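K.L.:
Just one file: query-v1.cif, with mmCIF, C-alpha atoms and all ligand atoms.
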```cif
data_query
loop_
_atom_site.label_atom_id
_atom_site.label_comp_id
_atom_site.auth_asym_id
_atom_site.auth_seq_id
_atom_site.Cartn_x
_atom_site.Cartn_y
_atom_site.Cartn_z
CA MET A 24 49.23 132.64 8.11
CA ALA A 25 52.10 130.50 6.80
CA TYR A 26 50.75 130.23 3.27
CA ARG A 27 49.26 132.28 0.45
CA ILE A 28 46.30 131.36 -1.75
CA LYS A 29 44.99 132.62 -5.07
CA VAL A 30 41.56 131.95 -6.57
CA VAL A 31 40.90 132.60 -10.29
CA GLU A 32 37.76 132.53 -12.42
CA LEU A 33 37.96 130.00 -15.24
CA ASP A 34 36.09 132.33 -17.58
CA SER A 35 38.72 135.07 -17.44
CA LEU A 36 41.98 133.24 -18.08
CA PRO A 37 44.66 134.59 -20.44
CA ALA A 38 45.63 132.49 -23.46
CA ALA A 39 47.40 129.22 -22.62
CA GLN A 40 50.54 130.42 -24.49
CA GLU A 41 50.91 133.28 -22.00
CA ILE A 42 50.81 130.92 -18.99
CA LEU A 43 52.42 127.60 -19.90
CA THR A 44 55.89 126.31 -20.73
CA ALA A 45 56.34 124.45 -24.04
CA ARG A 46 56.11 121.13 -22.23
CA GLU A 47 52.94 122.14 -20.35
CA LEU A 48 51.40 123.41 -23.57
CA LYS A 49 51.86 119.98 -25.11
CA THR A 50 50.00 118.33 -22.21
CA TYR A 51 47.31 121.02 -22.33
CA GLU A 52 46.67 120.38 -26.01
CA GLU A 53 46.24 116.66 -25.37
CA PHE A 54 43.18 117.15 -23.12
CA LYS A 55 40.08 116.18 -25.07
CA VAL A 56 37.47 117.59 -22.67
CA GLU A 57 37.25 121.40 -22.72
CA LYS A 58 36.26 121.64 -19.03
CA ARG A 59 39.33 119.61 -17.94
CA ARG A 60 41.57 121.70 -20.18
CA LYS A 61 40.26 124.91 -18.68
CA GLU A 62 40.52 123.80 -15.05
CA TRP A 63 44.02 122.40 -15.62
CA LEU A 64 45.05 125.75 -17.12
CA GLY A 65 43.27 127.67 -14.35
CA GLY A 66 45.13 125.82 -11.61
CA ARG A 67 48.46 126.60 -13.24
CA PHE A 68 47.49 130.24 -13.80
CA ALA A 69 46.49 130.64 -10.13
CA LEU A 70 49.72 129.01 -8.95
CA LYS A 71 52.02 130.95 -11.25
CA GLN A 72 50.33 134.28 -10.42
CA LEU A 73 50.94 133.54 -6.78
CA ALA A 74 54.54 132.46 -7.46
CA MET A 75 55.26 135.77 -9.17
CA ASN A 76 54.99 137.37 -5.71
CA PHE A 77 58.02 135.32 -4.64
CA PHE A 78 60.08 134.89 -7.80
CA THR A 79 61.16 137.24 -10.58
CA PHE A 80 60.53 134.71 -13.37
CA ASP A 81 57.62 135.01 -15.77
CA MET A 82 54.96 132.32 -16.06
CA GLN A 83 56.44 130.61 -19.13
CA HIS A 84 59.63 129.95 -17.15
CA MET A 85 58.02 128.23 -14.18
CA GLU A 86 56.68 124.73 -14.69
CA VAL A 87 54.23 122.60 -12.72
CA ARG A 88 55.09 118.90 -12.67
CA ASN A 89 52.96 116.22 -11.05
CA SER A 90 54.38 113.21 -9.17
CA PRO A 91 53.19 109.74 -10.28
CA ALA A 92 50.50 110.03 -7.57
CA GLY A 93 49.51 113.46 -8.95
CA LYS A 94 51.06 115.78 -6.35
CA PRO A 95 52.21 119.03 -8.00
CA THR A 96 55.63 120.65 -7.69
CA LEU A 97 56.58 124.06 -9.06
CA MET A 98 59.89 123.98 -10.93
CA VAL A 99 61.54 127.39 -10.74
CA PRO A 100 64.71 128.14 -12.80
CA ASP A 101 66.78 129.05 -9.73
CA GLY A 102 65.97 125.68 -8.11
CA THR A 103 64.02 127.14 -5.17
CA HIS A 104 61.40 124.78 -3.84
CA LEU A 105 58.21 125.84 -2.07
CA PRO A 106 55.31 123.48 -1.32
CA VAL A 107 52.36 124.03 -3.66
CA SER A 108 48.86 122.68 -4.17
CA ILE A 109 46.07 123.09 -6.75
CA THR A 110 42.29 122.65 -6.74
CA HIS A 111 39.45 123.32 -9.17
CA SER A 112 35.70 123.30 -8.74
CA GLY A 113 32.86 124.69 -10.87
CA ASP A 114 33.80 128.11 -12.21
CA TYR A 115 37.02 128.49 -10.22
CA ALA A 116 40.55 127.20 -9.78
CA ALA A 117 42.73 127.92 -6.76
CA ALA A 118 46.31 127.36 -5.69
CA ALA A 119 48.30 127.57 -2.47
CA ILE A 120 51.98 128.10 -1.72
CA GLY A 121 53.31 127.16 1.70
CA LEU A 122 55.83 129.45 3.40
CA THR A 123 56.84 126.91 6.05
CA GLY A 124 57.48 123.18 5.89
CA ASP A 125 57.58 120.91 2.85
CA ASN A 126 53.91 120.19 2.17
CA ILE A 127 50.58 121.90 1.64
CA GLY A 128 47.12 120.87 0.46
CA ILE A 129 44.22 122.95 -0.83
CA ASP A 130 40.70 121.90 -1.75
CA MET A 131 37.60 123.77 -2.91
CA GLU A 132 34.10 122.37 -3.36
CA LEU A 133 30.66 123.76 -4.16
CA ILE A 134 28.31 123.61 -1.18
CA GLU A 135 25.53 121.22 -2.18
CA ASN A 136 23.66 118.20 -0.92
CA ARG A 137 25.46 115.04 -2.02
CA GLY A 138 23.21 112.51 -0.33
CA LYS A 139 23.40 110.03 2.50
CA GLU A 140 25.32 107.35 0.60
CA TRP A 141 28.11 109.79 -0.22
CA ALA A 142 28.31 110.91 3.42
CA GLN A 143 28.50 107.30 4.60
CA MET A 144 31.28 106.58 2.10
CA CYS A 145 33.40 109.62 3.01
CA PHE A 146 32.94 110.17 6.73
CA HIS A 147 33.35 108.16 9.90
CA LYS A 148 30.14 108.18 11.97
CA ASP A 149 31.88 110.13 14.78
CA GLU A 150 32.55 113.01 12.37
CA ILE A 151 28.95 113.59 11.33
CA SER A 152 27.61 115.96 13.96
CA SER A 153 25.37 117.63 11.36
CA GLY A 154 23.82 116.61 8.05
CA ALA A 155 23.79 120.18 6.71
CA ALA A 156 25.39 120.64 3.27
CA PHE A 157 27.65 123.48 4.44
CA PHE A 158 28.97 121.35 7.33
CA LEU A 159 29.59 118.21 5.26
CA THR A 160 31.12 120.16 2.38
CA GLU A 161 33.50 121.92 4.75
CA LEU A 162 34.43 118.60 6.34
CA TRP A 163 35.06 117.12 2.90
CA THR A 164 37.30 120.00 1.77
CA LYS A 165 39.30 119.72 5.00
CA LYS A 166 39.83 115.99 4.47
CA GLU A 167 40.78 116.50 0.81
CA ALA A 168 43.22 119.25 1.79
CA VAL A 169 44.89 116.85 4.25
CA LEU A 170 44.86 114.09 1.61
CA LYS A 171 46.72 116.43 -0.75
CA PHE A 172 49.11 117.47 2.03
CA LEU A 173 49.96 113.78 2.53
CA GLY A 174 50.34 113.44 -1.26
CA THR A 175 49.21 109.84 -1.66
CA GLY A 176 46.02 110.45 -3.64
CA LEU A 177 43.19 107.97 -3.54
CA SER A 178 45.23 105.06 -2.18
CA LEU A 179 44.17 106.34 1.27
CA ASP A 180 40.84 105.63 2.93
CA MET A 181 39.12 109.02 3.48
CA LYS A 182 37.82 107.70 6.81
CA ASP A 183 41.41 107.42 8.05
CA ILE A 184 41.52 111.23 7.95
CA ARG A 185 39.00 112.30 10.59
CA PHE A 186 37.90 115.54 12.17
CA ILE A 187 36.43 114.84 15.58
CA GLY A 188 35.14 117.95 17.34
CA GLY A 189 37.11 120.01 14.83
CA ARG A 190 40.39 118.21 15.68
CA LEU A 191 42.36 116.33 13.01
CA MET A 192 42.97 112.65 13.83
CA LEU A 193 44.85 110.26 11.54
CA TYR A 194 44.46 106.50 11.46
CA GLY A 195 45.75 103.52 9.46
CA LYS A 196 47.72 104.32 6.32
CA ALA A 197 47.11 108.07 6.73
CA PHE A 198 48.84 107.91 10.12
CA ASP A 199 51.72 105.84 8.70
CA VAL A 200 52.29 108.28 5.82
CA TRP A 201 52.20 111.22 8.24
CA ALA A 202 54.71 109.48 10.56
CA GLN A 203 57.03 108.78 7.59
CA MET A 204 56.89 112.49 6.77
CA GLY A 205 58.32 113.23 10.24
CA SER A 206 54.98 113.83 12.01
CA PRO A 207 54.47 117.43 10.83
CA ASN A 208 52.07 119.67 12.73
CA ILE A 209 49.18 120.04 10.24
CA GLN A 210 47.04 123.15 10.59
CA VAL A 211 43.74 123.10 8.67
CA ASP A 212 41.78 126.27 7.92
CA ALA A 213 38.42 126.45 6.16
CA SER A 214 36.68 129.46 4.67
CA ASP A 215 33.68 130.43 2.55
CA LEU A 216 34.08 131.82 -0.95
CA ASP A 217 31.62 133.88 -2.99
CA GLY A 218 29.45 131.72 -5.20
CA GLY A 219 28.72 129.17 -2.45
CA TYR A 220 32.06 127.37 -2.25
CA LYS A 221 34.05 126.06 0.70
CA LEU A 222 37.83 126.22 0.57
CA ALA A 223 40.22 124.46 2.96
CA VAL A 224 44.00 124.59 3.33
CA ALA A 225 46.16 122.09 5.21
CA ALA A 226 49.54 123.67 5.93
CA GLU A 227 52.53 122.92 8.11
CA ALA A 228 52.61 124.87 11.35
CA PRO A 229 55.58 125.03 13.75
CA GLN A 230 55.61 122.22 16.38
CA ILE A 231 54.18 123.43 19.69
C1 LIG B 1 43.30 113.11 -6.68
C2 LIG B 1 42.50 114.01 -5.76
C3 LIG B 1 43.49 114.71 -4.90
C4 LIG B 1 41.68 115.03 -6.57
O1 LIG B 1 40.82 115.75 -5.81
P1 LIG B 1 39.54 116.46 -6.44
O2 LIG B 1 38.79 117.09 -5.32
O3 LIG B 1 38.82 115.49 -7.31
O4 LIG B 1 40.11 117.54 -7.44
P2 LIG B 1 40.73 118.97 -7.18
O5 LIG B 1 40.36 119.81 -8.33
O6 LIG B 1 40.42 119.51 -5.83
O7 LIG B 1 42.30 118.68 -7.20
C5 LIG B 1 42.95 118.32 -8.37
C6 LIG B 1 44.42 118.62 -8.17
O8 LIG B 1 44.92 117.85 -7.09
C7 LIG B 1 46.30 117.71 -7.28
N1 LIG B 1 46.62 116.33 -6.94
C8 LIG B 1 46.34 115.21 -7.64
N2 LIG B 1 46.83 114.14 -7.00
C9 LIG B 1 47.44 114.60 -5.87
C10 LIG B 1 48.16 113.99 -4.83
N3 LIG B 1 48.39 112.67 -4.80
N4 LIG B 1 48.64 114.76 -3.83
C11 LIG B 1 48.45 116.10 -3.83
N5 LIG B 1 47.79 116.75 -4.82
C12 LIG B 1 47.29 116.00 -5.83
C13 LIG B 1 46.63 118.02 -8.73
O9 LIG B 1 47.38 119.20 -8.78
C14 LIG B 1 45.26 118.22 -9.35
O10 LIG B 1 45.22 119.27 -10.29
P3 LIG B 1 45.91 119.14 -11.74
O11 LIG B 1 45.49 117.83 -12.29
O12 LIG B 1 45.38 120.32 -12.48
O13 LIG B 1 47.38 119.24 -11.50
C15 LIG B 1 41.71 113.09 -4.90
O14 LIG B 1 41.63 113.66 -3.63
C16 LIG B 1 40.36 112.75 -5.36
O15 LIG B 1 40.16 112.30 -6.48
N6 LIG B 1 39.43 112.95 -4.51
C17 LIG B 1 38.06 112.64 -4.75
C18 LIG B 1 37.72 111.60 -3.71
C19 LIG B 1 36.29 111.24 -3.75
O16 LIG B 1 35.49 111.73 -4.48
N7 LIG B 1 36.01 110.33 -2.87
C20 LIG B 1 34.71 109.88 -2.71
C21 LIG B 1 34.63 109.21 -1.38
S1 LIG B 1 34.94 110.33 -0.07
#
```
If you took the structure in this file and wrote it as structure tokens, what would it be?
P.N.:
Amino acid sequence: MAYRIKVVELDSLPAAQEILTARELKTYEEFKVEKRRKEWLGGRFALKQLAMNFFTFDMQHMEVRNSPAGKPTLMVPDGTHLPVSITHSGDYAAAAIGLTGDNIGIDMELIENRGKEWAQMCFHKDEISSGAAFFLTELWTKKEAVLKFLGTGLSLDMKDIRFIGGRLMLYGKAFDVWAQMGSPNIQVDASDLDGGYKLAVAAEAPQI
């Protein structure tokens, strides 16, 4: 596995002052909605806990910055750069650090029925080999993980990221972005988490 992940419960986070830099604390205090505040903090806690396995700095000396499109980067005082990604859903936040390549994406979603309209909006007809909630939720997390790997955010059409027979296929703008990144070999893993969640990671694997 060329990445590490960490999942944290939003109800057992330390105080924000123990996790965030002064600049992050300012952003944190500006959030009006408590749920958003907590998940934002949780994502940073998960990521920094994970980072402490690689770096000797404490949490208040590592800072998460988001690109204009929202893609996070972890700023470490010694200038080391590792690809990182953050997700939050329900009671949990999770983060991933990639050990190879320049990009990674993680996504976590609660397994639930989201209806036919949602499925039609998110998936190409060739992807829907089952209407079961666990199948569609897994498919969604895999697509979102790839979307985060590509880093463009919602300017991409989710249907341009397709899983046909379990195999990732990119079309349109998703393909163009991937080609501009040097056509990395994207490996996507999905797993089940306690509490009825699906989690997927899109990471860079060596070219075969
Ligand atoms: C922006 C987006 C990445 C957020 O995904 P999400 O599933 O709503 O939220 P998650 O909790 O999983 O992820 C949020 C994290 O993604 C990261 N993120 C945001 N924009 C990103 C980007 N362009 N690239 C990579 N990561 C990004 C951020 O770190 C963010 O956490 P933070 O704000 O605490 O830093 C985007 O994929 C999105 O909004 N998807 C929803 C699409 C949707 O509902 N479509 C319906 C039709 S299918």
K.L.:
At a cut-off of 9 Å around ligand LIG 1 (chain B), and using all atoms listed in the file, what residues come up? Please write them as a VMD selection string.
P.N.:
chain A and resid 59 to 60 62 to 67 87 to 96 107 to 112 116 to 118 127 to 132 141 to 146 163 to 164 166 to 178 180 to 182
K.L.:
Can I get the selection written as a compact mmCIF listing (two decimals), in the frame of the given file, with C-alpha atoms?
P.N.:
```
# COMPACT_ATOMS: atom_id res chain seq x y z
CA ARG A 59 39.33 119.61 -17.94
CA ARG A 60 41.57 121.70 -20.18
CA GLU A 62 40.52 123.80 -15.05
CA TRP A 63 44.02 122.40 -15.62
CA LEU A 64 45.05 125.75 -17.12
CA GLY A 65 43.27 127.67 -14.35
CA GLY A 66 45.13 125.82 -11.61
CA ARG A 67 48.46 126.60 -13.24
CA VAL A 87 54.23 122.60 -12.72
CA ARG A 88 55.09 118.90 -12.67
CA ASN A 89 52.96 116.22 -11.05
CA SER A 90 54.38 113.21 -9.17
CA PRO A 91 53.19 109.74 -10.28
CA ALA A 92 50.50 110.03 -7.57
CA GLY A 93 49.51 113.46 -8.95
CA LYS A 94 51.06 115.78 -6.35
CA PRO A 95 52.21 119.03 -8.00
CA THR A 96 55.63 120.65 -7.69
CA VAL A 107 52.36 124.03 -3.66
CA SER A 108 48.86 122.68 -4.17
CA ILE A 109 46.07 123.09 -6.75
CA THR A 110 42.29 122.65 -6.74
CA HIS A 111 39.45 123.32 -9.17
CA SER A 112 35.70 123.30 -8.74
CA ALA A 116 40.55 127.20 -9.78
CA ALA A 117 42.73 127.92 -6.76
CA ALA A 118 46.31 127.36 -5.69
CA ILE A 127 50.58 121.90 1.64
CA GLY A 128 47.12 120.87 0.46
CA ILE A 129 44.22 122.95 -0.83
CA ASP A 130 40.70 121.90 -1.75
CA MET A 131 37.60 123.77 -2.91
CA GLU A 132 34.10 122.37 -3.36
CA TRP A 141 28.11 109.79 -0.22
CA ALA A 142 28.31 110.91 3.42
CA GLN A 143 28.50 107.30 4.60
CA MET A 144 31.28 106.58 2.10
CA CYS A 145 33.40 109.62 3.01
CA PHE A 146 32.94 110.17 6.73
CA TRP A 163 35.06 117.12 2.90
CA THR A 164 37.30 120.00 1.77
CA LYS A 166 39.83 115.99 4.47
CA GLU A 167 40.78 116.50 0.81
CA ALA A 168 43.22 119.25 1.79
CA VAL A 169 44.89 116.85 4.25
CA LEU A 170 44.86 114.09 1.61
CA LYS A 171 46.72 116.43 -0.75
CA PHE A 172 49.11 117.47 2.03
CA LEU A 173 49.96 113.78 2.53
CA GLY A 174 50.34 113.44 -1.26
CA THR A 175 49.21 109.84 -1.66
CA GLY A 176 46.02 110.45 -3.64
CA LEU A 177 43.19 107.97 -3.54
CA SER A 178 45.23 105.06 -2.18
CA ASP A 180 40.84 105.63 2.93
CA MET A 181 39.12 109.02 3.48
CA LYS A 182 37.82 107.70 6.81
```
K.L.:
Provide the atom CA of Lys139 of chain A to atom CA of Leu162 of chain A distance in Å, to one decimal place.
P.N.:
14.5 Å
K.L.:
Identify, on the basis of only C-alpha atoms, every residue whose closest approach to segment 185-200 of chain A does not exceed 7 Å; exclude the query and any residue fewer than 6 positions from it along the same chain; express the result as a PDB file with C-alpha atoms, keeping the file's coordinate frame.
P.N.:
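Written out: result.pdb:
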```pdb
ATOM      1  CA  ASP A 149      31.880 110.130  14.780  1.00  0.00           C
ATOM      2  CA  GLU A 150      32.550 113.010  12.370  1.00  0.00           C
ATOM      3  CA  LEU A 173      49.960 113.780   2.530  1.00  0.00           C
ATOM      4  CA  LEU A 179      44.170 106.340   1.270  1.00  0.00           C
TER       5      LEU A 179
END
```
K.L.:
I want to know what sits within 12 Å of Pro37 of chain A, based on all atoms listed in the file, with residues of the same chain fewer than 2 positions away left out; could you give that as a ChimeraX atom specification?
P.N.:
/A:31-35,39-43,61,64-65,67-69,72,82
K.L.:
Nearest to Leu159 of chain A: which of A:Ile184, A:Ala25, A:Met85, A:Leu133 is it, counting all atoms listed in the file?
P.N.:
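Of all the options, A:Leu133 lies closest to Leu159 of chain A.
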K.L.:
Can you tell me which residues surround Ala213 of chain A at a distance of at most 9 Å, considering all atoms listed in the file, apart from same-chain residues fewer than 5 positions away, and format the answer as a PyMOL selection string?
P.N.:
chain A and resi 161-162+164-165+221-225
K.L.:
Work out how far atom CA of Val99 of chain A is from atom CA of Thr44 of chain A, in Å to one decimal.
P.N.:
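Distance between the two atoms: 11.5 Å.
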K.L.:
Between A:Gly124, A:Gly102, A:Gly219, A:Gly154, which residue has the minimum interatomic distance to Gly138 of chain A, considering all atoms listed in the file?
P.N.:
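The shortest atom-to-atom distance to Gly138 of chain A comes from A:Gly154.
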K.L.:
Please compute the atom CA of Gln230 of chain A-atom CA of Ser206 of chain A distance, one decimal, in Å.
P.N.:
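Between atom CA of Gln230 of chain A and atom CA of Ser206 of chain A the gap works out to 9.5 Å.
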K.L.:
For Lys29 of chain A, which of A:Ala155, A:Met204, A:Ala74, A:Leu97 is the closest residue, counting all atoms listed in the file?
P.N.:
A:Ala74
K.L.:
Pick out the closest residue to Gln210 of chain A from this set: A:Arg46, A:Thr123, A:His104, A:Ser152. Count all atoms listed in the file.
P.N.:
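Between A:Arg46, A:Thr123, A:His104, A:Ser152, the residue approaching Gln210 of chain A most closely is A:Thr123.
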K.L.:
Measuring atom to atom with all atoms listed in the file, identify which of A:Tyr220, A:Phe158, A:Tyr115, A:Phe78 is nearest to Leu36 of chain A.
P.N.:
A:Tyr115
K.L.:
Take the point (53.7, 116.7, 9.1) as written in the file and pick out every residue within 9 Å of it, counting all atoms listed in the file; give the list as a PyMOL selection string.
P.N.:
chain A and resi 124-126+172-173+201-209+226-228
K.L.:
Kindly complete segment 171-207 of chain A to N, CA and C atoms; the output should be written as an mmCIF file, in the coordinates of the input.
P.N.:
```
data_model
loop_
_atom_site.group_PDB
_atom_site.id
_atom_site.type_symbol
_atom_site.label_atom_id
_atom_site.label_comp_id
_atom_site.auth_asym_id
_atom_site.auth_seq_id
_atom_site.Cartn_x
_atom_site.Cartn_y
_atom_site.Cartn_z
ATOM 1 N N LYS A 171 45.739 115.839 0.167
ATOM 2 C CA LYS A 171 46.720 116.430 -0.750
ATOM 3 C C LYS A 171 48.019 116.755 -0.026
ATOM 4 N N PHE A 172 47.908 117.218 1.213
ATOM 5 C CA PHE A 172 49.110 117.470 2.030
ATOM 6 C C PHE A 172 49.934 116.179 2.123
ATOM 7 N N LEU A 173 49.260 115.061 2.379
ATOM 8 C CA LEU A 173 49.960 113.780 2.530
ATOM 9 C C LEU A 173 50.471 113.265 1.180
ATOM 10 N N GLY A 174 49.800 113.666 0.092
ATOM 11 C CA GLY A 174 50.340 113.440 -1.260
ATOM 12 C C GLY A 174 50.111 112.067 -1.855
ATOM 13 N N THR A 175 49.343 111.216 -1.180
ATOM 14 C CA THR A 175 49.210 109.840 -1.660
ATOM 15 C C THR A 175 48.093 109.665 -2.688
ATOM 16 N N GLY A 176 47.156 110.624 -2.737
ATOM 17 C CA GLY A 176 46.020 110.450 -3.640
ATOM 18 C C GLY A 176 45.037 109.437 -3.076
ATOM 19 N N LEU A 177 44.317 108.792 -3.970
ATOM 20 C CA LEU A 177 43.190 107.970 -3.540
ATOM 21 C C LEU A 177 43.564 106.606 -2.964
ATOM 22 N N SER A 178 44.869 106.337 -2.789
ATOM 23 C CA SER A 178 45.230 105.060 -2.180
ATOM 24 C C SER A 178 44.910 105.081 -0.671
ATOM 25 N N LEU A 179 44.530 106.249 -0.150
ATOM 26 C CA LEU A 179 44.170 106.340 1.270
ATOM 27 C C LEU A 179 42.658 106.220 1.446
ATOM 28 N N ASP A 180 42.250 105.667 2.581
ATOM 29 C CA ASP A 180 40.840 105.630 2.930
ATOM 30 C C ASP A 180 40.485 106.985 3.564
ATOM 31 N N MET A 181 39.501 107.691 2.967
ATOM 32 C CA MET A 181 39.120 109.020 3.480
ATOM 33 C C MET A 181 38.710 108.966 4.947
ATOM 34 N N LYS A 182 38.244 107.803 5.403
ATOM 35 C CA LYS A 182 37.820 107.700 6.810
ATOM 36 C C LYS A 182 39.010 107.629 7.757
ATOM 37 N N ASP A 183 40.214 107.408 7.205
ATOM 38 C CA ASP A 183 41.410 107.420 8.050
ATOM 39 C C ASP A 183 41.894 108.846 8.318
ATOM 40 N N ILE A 184 41.272 109.809 7.638
ATOM 41 C CA ILE A 184 41.520 111.230 7.950
ATOM 42 C C ILE A 184 40.220 111.709 8.591
ATOM 43 N N ARG A 185 40.245 111.983 9.868
ATOM 44 C CA ARG A 185 39.000 112.300 10.590
ATOM 45 C C ARG A 185 39.100 113.620 11.320
ATOM 46 N N PHE A 186 37.986 114.333 11.345
ATOM 47 C CA PHE A 186 37.900 115.540 12.170
ATOM 48 C C PHE A 186 36.857 115.291 13.251
ATOM 49 N N ILE A 187 37.341 115.098 14.473
ATOM 50 C CA ILE A 187 36.430 114.840 15.580
ATOM 51 C C ILE A 187 36.417 116.089 16.463
ATOM 52 N N GLY A 188 35.234 116.703 16.566
ATOM 53 C CA GLY A 188 35.140 117.950 17.340
ATOM 54 C C GLY A 188 36.083 119.004 16.784
ATOM 55 N N GLY A 189 36.263 119.004 15.473
ATOM 56 C CA GLY A 189 37.110 120.010 14.830
ATOM 57 C C GLY A 189 38.593 119.652 14.840
ATOM 58 N N ARG A 190 38.965 118.573 15.546
ATOM 59 C CA ARG A 190 40.390 118.210 15.680
ATOM 60 C C ARG A 190 40.766 117.116 14.691
ATOM 61 N N LEU A 191 41.895 117.312 14.001
ATOM 62 C CA LEU A 191 42.360 116.330 13.010
ATOM 63 C C LEU A 191 42.942 115.095 13.706
ATOM 64 N N MET A 192 42.445 113.924 13.304
ATOM 65 C CA MET A 192 42.970 112.650 13.830
ATOM 66 C C MET A 192 43.288 111.767 12.629
ATOM 67 N N LEU A 193 44.464 111.132 12.643
ATOM 68 C CA LEU A 193 44.850 110.260 11.540
ATOM 69 C C LEU A 193 44.924 108.813 11.995
ATOM 70 N N TYR A 194 44.475 107.920 11.129
ATOM 71 C CA TYR A 194 44.460 106.500 11.460
ATOM 72 C C TYR A 194 45.067 105.718 10.284
ATOM 73 N N GLY A 195 45.352 104.444 10.522
ATOM 74 C CA GLY A 195 45.750 103.520 9.460
ATOM 75 C C GLY A 195 46.861 104.050 8.588
ATOM 76 N N LYS A 196 46.675 103.920 7.258
ATOM 77 C CA LYS A 196 47.720 104.320 6.320
ATOM 78 C C LYS A 196 47.986 105.837 6.376
ATOM 79 N N ALA A 197 46.920 106.610 6.639
ATOM 80 C CA ALA A 197 47.110 108.070 6.730
ATOM 81 C C ALA A 197 48.089 108.386 7.866
ATOM 82 N N PHE A 198 47.929 107.693 8.976
ATOM 83 C CA PHE A 198 48.840 107.910 10.120
ATOM 84 C C PHE A 198 50.269 107.503 9.738
ATOM 85 N N ASP A 199 50.386 106.333 9.062
ATOM 86 C CA ASP A 199 51.720 105.840 8.700
ATOM 87 C C ASP A 199 52.443 106.816 7.758
ATOM 88 N N VAL A 200 51.694 107.326 6.776
ATOM 89 C CA VAL A 200 52.290 108.280 5.820
ATOM 90 C C VAL A 200 52.754 109.529 6.569
ATOM 91 N N TRP A 201 51.890 110.021 7.438
ATOM 92 C CA TRP A 201 52.200 111.220 8.240
ATOM 93 C C TRP A 201 53.456 110.990 9.098
ATOM 94 N N ALA A 202 53.547 109.800 9.716
ATOM 95 C CA ALA A 202 54.710 109.480 10.560
ATOM 96 C C ALA A 202 55.978 109.431 9.707
ATOM 97 N N GLN A 203 55.859 108.843 8.487
ATOM 98 C CA GLN A 203 57.030 108.780 7.590
ATOM 99 C C GLN A 203 57.481 110.177 7.153
ATOM 100 N N MET A 204 56.547 111.122 7.161
ATOM 101 C CA MET A 204 56.890 112.490 6.770
ATOM 102 C C MET A 204 57.563 113.244 7.929
ATOM 103 N N GLY A 205 57.708 112.583 9.083
ATOM 104 C CA GLY A 205 58.320 113.230 10.240
ATOM 105 C C GLY A 205 57.298 113.839 11.184
ATOM 106 N N SER A 206 56.073 113.374 11.130
ATOM 107 C CA SER A 206 54.980 113.830 12.010
ATOM 108 C C SER A 206 54.811 115.352 12.028
ATOM 109 N N PRO A 207 54.646 115.973 10.845
ATOM 110 C CA PRO A 207 54.470 117.430 10.830
ATOM 111 C C PRO A 207 53.199 117.873 11.544
#
```
